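A.B. asks: Input: one structure, supplied below.
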Amino acid sequence: MDRFRIRGGRPLSGTITIGGAKNAALPLMAAGLLTDDRLVLTNVPRLADIVTMRALLMQHGIAVEPTDNNAASLSIGGAITNTEAPYDIVRKMRASILVLGPLVARTGEARVSLPGGCAIGARPVDLHLKGLEQMGAAISLDGGYITATAPHGLTGATIVFPFPSVGATENLLMAAALANGQTILANAAREPEITDLADCLVAMGARITGIGSDRLTIEGVKSLHGATHPIIADRIETGSYACAAAITGGTLHLKGGRLDHLGAVARTLREAGVEMTAEADGLTVKRLNGLHGIDFITEPYPGFPTDMQAQLMALMCVADGASMITENIFEDRFGHHAELNRMGANIKVHGASAIVRGKPGGLQGAPVMASDLRASFGLILAGLVATGETTVNRVYHLDRGYESAEQKLSAVGANIERVS
Ligand code: EPZ
């Protein structure tokens with residue numbers, strides 16, 4: 001198992017290129033099931049999760065091939081020959097559940113392994129299943145698998161989410177595109193990745209209005225055709241490297257990043273003493289003076305994203321003053337706090353809230369263990385500012401969502417290397 005060895009203390013400076021968004025690429029690849037025509041995705045990030053989704057689509061009978069030599073573009077097409085998503089793939093990546101809606105909408109059946117929980121919570125999929133039932137699918141659970149059938153196709157319905165679930169919105173948006181009649185998704189999630197998916201579906205011939213809002217109206221069509229779609233920049237990768245500039249007291253230019261997708265993160269970082277300014281080709285992040293502690297809560301978009309919580313917690317460990325962090329989205333997403341405390345941080349967790357008593361220069365290097373994708377980056381951030389050497393174990397978590405992280409950080413001055 002690979003690990004990262006980091007020696008902290010260097011302010012980072014230079015340019016980091018931001019890749020395509022993992023959490024847009026995964027649903028967009030699943031959308032390839034909605035037509036036999038070729039869907040070409042460009043600006044595809046090279047990540048472990050993309051490889052997993054490619055394997056999943058290929059075992060459904062779909063061809064998923066790079067269109068040029070650097071695999072930054074994928075061509076997805078072909079007929080579905082198998083409607084089962086097996087446990088050994090789904091357990092590796094929960095986003096596999098996103099093939100459920102497209103398979104049922106396209107073929108009238110699907111047998112998808114229930115995704116297990118993961119390090120950040122139970123992560124049920126009840127909202128996905130209830131929505132499909134409202135659209136006329138018969139759902140049964142047996143042997144750890146979801147069986148969904150709709151032999152006469154899906155019927156449009158009005159679905160009101162009790163919580164704006166990202167995955168449920170994406171699954172049902174894709175299913176509704178080919179349903180008979182009108183579907184309304186109310187209290188839908190509004191993340192930029194959902195807007196990106198909706199834009200791609202429209203390019204494929206879907207009829208969707210309300211894009212970007214929490215109320216999506218979809219008029220089902222008989223079939224969709226191919227398209228070519230560029231994947232939006234990854235706002236979480238952008239925010240993560242913004243924190244690398246902030247924690248090391250450096251200045252980074254994030255090429256391709258979109259400040260307009262980082263509203264709540266930018267506001268929070270500005271409050272902590274970090275400046276983020278939009279440029280023609282991205283944004284620049286610069287720490288002004290010292291960092292000061294701030295309070296924030298994670299919320300559905302456009303609120304502060306839960307996928308940035310671990311990174312901000314690491315930053316607050318070396319801020320001057322206390323910070324109160326409340327995690328409203330996942331029930332168990334503070335796993336990284338214990339590892340940060342092993343590096344000298346002072347963090348107390350009470351239920352959904354954590355209090356961080358920050359101390360400039362307060363972190364010392366140590367061997368630490370990554371528990372999930374975003375926690376891994378939080379520990380790297382801590383290592384970049386800690387005195388001495390930090391070893392981050394289990395970086396396979398990181399490789400799921402950050403392309404070439406050690407190369408990108410070394411190129412702007414970090415002392416970091418991957419050790420197999
Ligand atoms: C997506 O997960 C992202 N993953 C997550 O990013 C992200 O943290 C999350 O949205 C929130 O923004 C992808 O896009 C592939 P949810 P998803 O459905 O769709 C509960 C990362 O690090 N819920 O909005 O699973 C659920 O338990 C990953 O890139 C139900 O109760 O998120 C959670 O508490 C981590 N029933 C909350 O809603 C359901 O049917 C948010 O889940 C569905 C969700």
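Labels for the structure tokens follow display order: chains A, B, ..., residues from 1 in each chain, ligands from 1.
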For chain A versus ligand 1, which residues have an atom no more than 8 Å away, and what is each residue's nearest atom pair and distance in Å rounded to one decimal, using only C-alpha atoms and all ligand atoms, chain-then-number order, as a tab-separated table?
C.D. replies:
```
residue	atom	partner	partner_atom_place_in_ligand_line	distance
A:Lys22	CA	ligand 1	29 (O)	7.0
A:Asn23	CA	ligand 1	14 (O)	4.1
A:Ala24	CA	ligand 1	14 (O)	6.9
A:Leu26	CA	ligand 1	15 (C)	6.4
A:Pro27	CA	ligand 1	15 (C)	7.5
A:Arg94	CA	ligand 1	15 (C)	7.2
A:Ala95	CA	ligand 1	15 (C)	4.8
A:Ile120	CA	ligand 1	35 (C)	7.9
A:Gly121	CA	ligand 1	27 (O)	6.5
A:Ala122	CA	ligand 1	27 (O)	5.9
A:Arg123	CA	ligand 1	27 (O)	3.5
A:Pro124	CA	ligand 1	36 (N)	4.7
A:Val125	CA	ligand 1	40 (O)	3.2
A:Asp126	CA	ligand 1	40 (O)	4.0
A:Leu127	CA	ligand 1	40 (O)	3.5
A:His128	CA	ligand 1	40 (O)	5.0
A:Leu129	CA	ligand 1	40 (O)	7.2
A:Phe163	CA	ligand 1	38 (O)	6.6
A:Pro164	CA	ligand 1	24 (O)	6.3
A:Ser165	CA	ligand 1	24 (O)	3.5
A:Val166	CA	ligand 1	24 (O)	3.8
A:Gly167	CA	ligand 1	19 (O)	3.3
A:Ala168	CA	ligand 1	18 (O)	5.8
A:Thr169	CA	ligand 1	18 (O)	7.9
A:Ala189	CA	ligand 1	24 (O)	7.3
A:Glu191	CA	ligand 1	12 (O)	7.6
A:Glu193	CA	ligand 1	14 (O)	7.7
A:Ile236	CA	ligand 1	29 (O)	7.9
A:Pro300	CA	ligand 1	12 (O)	6.4
A:Tyr301	CA	ligand 1	12 (O)	7.6
A:Pro305	CA	ligand 1	12 (O)	6.3
A:Thr306	CA	ligand 1	8 (O)	5.7
A:Asp307	CA	ligand 1	8 (O)	5.1
A:Asn328	CA	ligand 1	34 (O)	7.9
A:Ile329	CA	ligand 1	34 (O)	4.8
A:Phe330	CA	ligand 1	34 (O)	4.1
A:Glu331	CA	ligand 1	34 (O)	6.3
A:Asp372	CA	ligand 1	22 (O)	7.6
A:Leu373	CA	ligand 1	22 (O)	5.6
A:Arg374	CA	ligand 1	22 (O)	5.5
A:Gly401	CA	ligand 1	29 (O)	6.7
```
A.B. asks: Pick out each residue of region 247-300 of chain A that DSSP on the backbone tags as strand (DSSP E); I need them as a PyMOL selection string.
C.D. replies: chain A and resi 251-255+274-279+282-287+296-297
A.B. asks: Let's have the selection written as a compact mmCIF listing (two decimals), in the first residue's frame, with N, CA and C atoms.
C.D. replies:
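result_24.txt was written with the following content:
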```
# COMPACT_ATOMS: atom_id res chain seq x y z
N THR A 251 1.17 31.34 -2.22
CA THR A 251 0.28 31.90 -3.25
C THR A 251 0.21 30.90 -4.39
N LEU A 252 -1.00 30.46 -4.72
CA LEU A 252 -1.15 29.50 -5.81
C LEU A 252 -2.12 30.03 -6.86
N HIS A 253 -1.77 29.80 -8.12
CA HIS A 253 -2.70 30.09 -9.20
C HIS A 253 -3.34 28.76 -9.60
N LEU A 254 -4.65 28.66 -9.52
CA LEU A 254 -5.35 27.40 -9.80
C LEU A 254 -5.97 27.50 -11.19
N LYS A 255 -5.25 26.97 -12.19
CA LYS A 255 -5.63 27.11 -13.59
C LYS A 255 -6.85 26.23 -13.90
N VAL A 274 -7.82 34.53 4.12
CA VAL A 274 -7.26 34.07 2.83
C VAL A 274 -7.97 34.81 1.71
N GLU A 275 -7.20 35.26 0.72
CA GLU A 275 -7.80 35.98 -0.40
C GLU A 275 -7.91 35.08 -1.61
N MET A 276 -9.09 35.04 -2.23
CA MET A 276 -9.27 34.27 -3.47
C MET A 276 -9.79 35.22 -4.53
N THR A 277 -9.02 35.39 -5.62
CA THR A 277 -9.47 36.33 -6.66
C THR A 277 -9.59 35.62 -8.00
N ALA A 278 -10.68 35.90 -8.71
CA ALA A 278 -10.92 35.28 -10.02
C ALA A 278 -9.95 35.87 -11.05
N GLU A 279 -9.46 35.01 -11.93
CA GLU A 279 -8.59 35.45 -13.04
C GLU A 279 -9.25 34.98 -14.34
N GLY A 282 -8.79 31.14 -14.34
CA GLY A 282 -8.90 30.37 -13.09
C GLY A 282 -9.02 31.30 -11.91
N LEU A 283 -8.21 31.06 -10.87
CA LEU A 283 -8.24 31.95 -9.70
C LEU A 283 -6.90 31.88 -8.98
N THR A 284 -6.65 32.92 -8.18
CA THR A 284 -5.42 32.96 -7.39
C THR A 284 -5.79 32.99 -5.92
N VAL A 285 -5.05 32.23 -5.12
CA VAL A 285 -5.32 32.12 -3.68
C VAL A 285 -4.06 32.56 -2.94
N LYS A 286 -4.25 33.46 -1.97
CA LYS A 286 -3.08 34.02 -1.28
C LYS A 286 -3.46 34.25 0.17
N ARG A 287 -2.59 33.81 1.08
CA ARG A 287 -2.88 34.10 2.48
C ARG A 287 -2.38 35.49 2.79
N PHE A 296 -18.09 27.25 10.90
CA PHE A 296 -18.86 26.97 9.68
C PHE A 296 -19.66 25.68 9.84
N ILE A 297 -20.71 25.55 9.05
CA ILE A 297 -21.52 24.32 9.05
C ILE A 297 -21.59 23.81 7.62
```
A.B. asks: Could you check which of A:Gly303, A:Gly14, A:Gly153, A:Gly205 is closest to Ala179 (chain A), using only C-alpha atoms?
C.D. replies: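 Ranking A:Gly303, A:Gly14, A:Gly153, A:Gly205 by distance to Ala179 (chain A), first place goes to A:Gly153.
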A.B. asks: Measuring between only C-alpha atoms, which one of A:Asp399, A:Cys200, A:Asp49, A:Thr391 shows the shortest distance to Glu417 (chain A)?
C.D. replies: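 Answer, going by the shortest atom-to-atom distance: A:Thr391.
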A.B. asks: For region 360-365 of chain A, find every residue with an atom within 9 Å (counting only C-alpha atoms), except residues of its own chain fewer than 3 positions away, and show them as a PyMOL selection string.
C.D. replies: chain A and resi 6-8+290-291+317-320+340-346+368+382-383+385-391
A.B. asks: Identify which of the residues A:Gly19, A:Gly263, A:Pro115, A:Gly293 lies closest to Lys92 (chain A), counting only C-alpha atoms when measuring atom-to-atom distances.
C.D. replies: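 Among A:Gly19, A:Gly263, A:Pro115, A:Gly293, it is A:Pro115 that comes nearest to Lys92 (chain A).
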A.B. asks: Report, in Å to a single decimal, how far apart CA of Thr158 (chain A) and CA of Ala186 (chain A) are.
C.D. replies: 7.5 Å
